[in-house]
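Okay, final_20.csv now, which holds CSV, N, CA and C atoms:
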```
chain,number,residue,atom,x,y,z
A,1,MET,N,83.0,85.3,109.5
A,1,MET,CA,83.1,84.2,108.6
A,1,MET,C,81.7,83.4,108.6
A,2,ALA,N,81.5,82.7,107.5
A,2,ALA,CA,80.2,82.0,107.4
A,2,ALA,C,80.3,80.7,108.3
A,3,ALA,N,79.2,80.4,108.9
A,3,ALA,CA,79.1,79.2,109.8
A,3,ALA,C,79.6,78.0,109.0
A,4,GLY,N,80.4,77.2,109.6
A,4,GLY,CA,80.8,76.0,109.0
A,4,GLY,C,82.0,76.1,108.0
A,5,THR,N,82.5,77.4,107.8
A,5,THR,CA,83.6,77.6,106.9
A,5,THR,C,84.8,77.8,107.7
A,6,TYR,N,85.9,77.1,107.3
A,6,TYR,CA,87.2,77.2,108.0
A,6,TYR,C,88.0,78.3,107.4
A,7,THR,N,88.6,79.1,108.2
A,7,THR,CA,89.6,80.1,107.8
A,7,THR,C,90.8,79.9,108.7
A,8,ARG,N,91.9,80.3,108.2
A,8,ARG,CA,93.1,80.2,109.0
A,8,ARG,C,93.0,81.1,110.2
A,9,PRO,N,93.6,80.8,111.3
A,9,PRO,CA,93.5,81.7,112.4
A,9,PRO,C,94.0,83.1,112.1
A,10,THR,N,93.3,84.1,112.6
A,10,THR,CA,93.7,85.5,112.4
A,10,THR,C,93.9,86.2,113.7
A,11,ASP,N,94.8,87.2,113.7
A,11,ASP,CA,94.9,88.0,114.9
A,11,ASP,C,93.9,89.2,114.8
A,12,PRO,N,93.7,89.9,115.8
A,12,PRO,CA,92.7,91.0,115.7
A,12,PRO,C,93.0,92.0,114.6
A,13,ASP,N,94.2,92.3,114.3
A,13,ASP,CA,94.6,93.3,113.3
A,13,ASP,C,94.2,92.7,111.9
A,14,GLN,N,94.5,91.4,111.7
A,14,GLN,CA,94.2,90.8,110.4
A,14,GLN,C,92.6,90.7,110.2
A,15,LEU,N,91.9,90.4,111.3
A,15,LEU,CA,90.5,90.3,111.2
A,15,LEU,C,89.9,91.7,110.9
A,16,SER,N,90.5,92.7,111.5
A,16,SER,CA,90.1,94.1,111.2
A,16,SER,C,90.3,94.5,109.8
A,17,GLU,N,91.4,94.1,109.2
A,17,GLU,CA,91.7,94.4,107.8
A,17,GLU,C,90.7,93.6,106.9
A,18,PHE,N,90.5,92.3,107.3
A,18,PHE,CA,89.5,91.5,106.5
A,18,PHE,C,88.1,92.2,106.5
A,19,ASN,N,87.7,92.7,107.7
A,19,ASN,CA,86.4,93.4,107.8
A,19,ASN,C,86.3,94.6,106.9
A,20,LYS,N,87.4,95.4,106.9
A,20,LYS,CA,87.5,96.6,106.1
A,20,LYS,C,87.4,96.3,104.6
A,21,THR,N,88.1,95.2,104.2
A,21,THR,CA,88.0,94.8,102.8
A,21,THR,C,86.6,94.4,102.4
A,22,VAL,N,86.0,93.6,103.2
A,22,VAL,CA,84.6,93.2,102.9
A,22,VAL,C,83.7,94.4,102.9
A,23,ALA,N,83.8,95.3,103.8
A,23,ALA,CA,83.0,96.5,103.9
A,23,ALA,C,83.2,97.3,102.6
A,24,ARG,N,84.4,97.5,102.1
A,24,ARG,CA,84.7,98.2,100.9
A,24,ARG,C,84.0,97.5,99.7
A,25,GLN,N,84.1,96.2,99.7
A,25,GLN,CA,83.4,95.4,98.6
A,25,GLN,C,81.9,95.5,98.6
A,26,VAL,N,81.3,95.5,99.8
A,26,VAL,CA,79.9,95.7,100.0
A,26,VAL,C,79.5,97.1,99.5
A,27,GLU,N,80.2,98.1,99.8
A,27,GLU,CA,79.9,99.5,99.3
A,27,GLU,C,80.0,99.6,97.8
A,28,GLU,N,81.0,98.9,97.2
A,28,GLU,CA,81.1,98.9,95.7
A,28,GLU,C,79.9,98.2,95.1
A,29,LEU,N,79.4,97.1,95.7
A,29,LEU,CA,78.2,96.4,95.2
A,29,LEU,C,77.0,97.3,95.4
A,30,ARG,N,76.9,98.0,96.5
A,30,ARG,CA,75.7,98.9,96.7
A,30,ARG,C,75.7,100.0,95.7
A,31,ALA,N,76.9,100.5,95.4
A,31,ALA,CA,77.0,101.6,94.4
A,31,ALA,C,76.7,101.1,93.0
A,32,MET,N,77.0,99.8,92.7
A,32,MET,CA,76.8,99.2,91.4
A,32,MET,C,75.3,98.9,91.2
A,33,HIS,N,74.6,98.6,92.2
A,33,HIS,CA,73.2,98.1,92.1
A,33,HIS,C,72.3,99.0,91.3
A,34,PRO,N,72.3,100.3,91.5
A,34,PRO,CA,71.4,101.1,90.6
A,34,PRO,C,71.7,101.0,89.1
A,35,ARG,N,73.0,100.9,88.8
A,35,ARG,CA,73.4,100.8,87.4
A,35,ARG,C,73.0,99.5,86.8
A,36,LEU,N,73.1,98.4,87.6
A,36,LEU,CA,72.7,97.1,87.2
A,36,LEU,C,71.2,97.0,87.0
A,37,ALA,N,70.5,97.6,87.9
A,37,ALA,CA,69.0,97.6,87.8
A,37,ALA,C,68.6,98.4,86.6
A,38,ALA,N,69.2,99.5,86.3
A,38,ALA,CA,68.9,100.3,85.1
A,38,ALA,C,69.2,99.5,83.8
A,39,ALA,N,70.4,98.9,83.8
A,39,ALA,CA,70.7,98.1,82.7
A,39,ALA,C,69.8,96.9,82.4
A,40,ARG,N,69.3,96.3,83.5
A,40,ARG,CA,68.4,95.2,83.4
A,40,ARG,C,67.0,95.7,82.8
A,41,ALA,N,66.6,96.9,83.3
A,41,ALA,CA,65.3,97.5,82.8
A,41,ALA,C,65.5,97.9,81.4
A,42,GLU,N,66.6,98.4,81.0
A,42,GLU,CA,66.8,98.8,79.6
A,42,GLU,C,66.8,97.5,78.7
A,43,TRP,N,67.5,96.5,79.2
A,43,TRP,CA,67.5,95.2,78.4
A,43,TRP,C,66.1,94.6,78.3
A,44,ALA,N,65.3,94.7,79.3
A,44,ALA,CA,64.0,94.1,79.3
A,44,ALA,C,63.1,94.9,78.3
A,45,ALA,N,63.3,96.2,78.3
A,45,ALA,CA,62.5,97.1,77.4
A,45,ALA,C,62.9,96.8,76.0
A,46,ARG,N,64.1,96.6,75.7
A,46,ARG,CA,64.6,96.3,74.4
A,46,ARG,C,64.1,95.0,73.9
A,47,THR,N,64.2,94.0,74.8
A,47,THR,CA,63.7,92.6,74.5
A,47,THR,C,62.2,92.6,74.2
A,48,GLU,N,61.5,93.4,75.0
A,48,GLU,CA,60.0,93.4,74.8
A,48,GLU,C,59.7,94.1,73.4
A,49,THR,N,60.5,95.2,73.1
A,49,THR,CA,60.3,95.9,71.8
A,49,THR,C,60.5,94.9,70.7
A,50,ILE,N,61.6,94.2,70.8
A,50,ILE,CA,62.0,93.2,69.7
A,50,ILE,C,60.9,92.1,69.6
A,51,THR,N,60.5,91.6,70.7
A,51,THR,CA,59.5,90.5,70.7
A,51,THR,C,58.2,91.1,70.2
A,52,SER,N,57.8,92.3,70.5
A,52,SER,CA,56.5,92.9,70.0
A,52,SER,C,56.6,93.1,68.5
A,53,ALA,N,57.8,93.5,68.0
A,53,ALA,CA,58.0,93.7,66.6
A,53,ALA,C,58.0,92.4,65.8
A,54,GLU,N,58.5,91.4,66.4
A,54,GLU,CA,58.6,90.1,65.7
A,54,GLU,C,57.2,89.5,65.6
A,55,SER,N,56.3,89.7,66.6
A,55,SER,CA,55.0,89.1,66.6
A,55,SER,C,54.0,89.9,65.8
A,56,ALA,N,54.4,91.1,65.3
A,56,ALA,CA,53.5,92.0,64.5
A,56,ALA,C,53.4,91.5,63.1
```
Can you dump the structure from the file as structure tokens?
Amino acid sequence: MAAGTYTRPTDPDQLSEFNKTVARQVEELRAMHPRLAAARAEWAARTETITSAESA
């Protein structure tokens, strides 16, 4: 848990389940990152194309 953050007491099994949940979420975020980076690059290229066309 984050320093200074209160959580209700957990037993070892509950803490293990929490850790597994967080680990799954981190893996989903890692898998999503390349798609998000590609979408951002595509958006930036489109925006630049539109901006270039508008200034012409």
Original post:
In Å to one decimal, how far is atom C of Ile50 of chain A from atom C of Pro34 of chain A?
Top reply: 24.0 Å
**OP:** Rounded to one decimal place, report the atom C of Val22 of chain A-atom N of Tyr6 of chain A distance in Å.
**Re:**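 A separation of 18.0 Å between them.
In this model, the gap between atom C of Thr49 of chain A and atom N of Met32 of chain A comes to 27.9 Å.
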Subject >> Those in chain A with alpha helix (DSSP H) from DSSP, as a count of residues only >> reply: 44
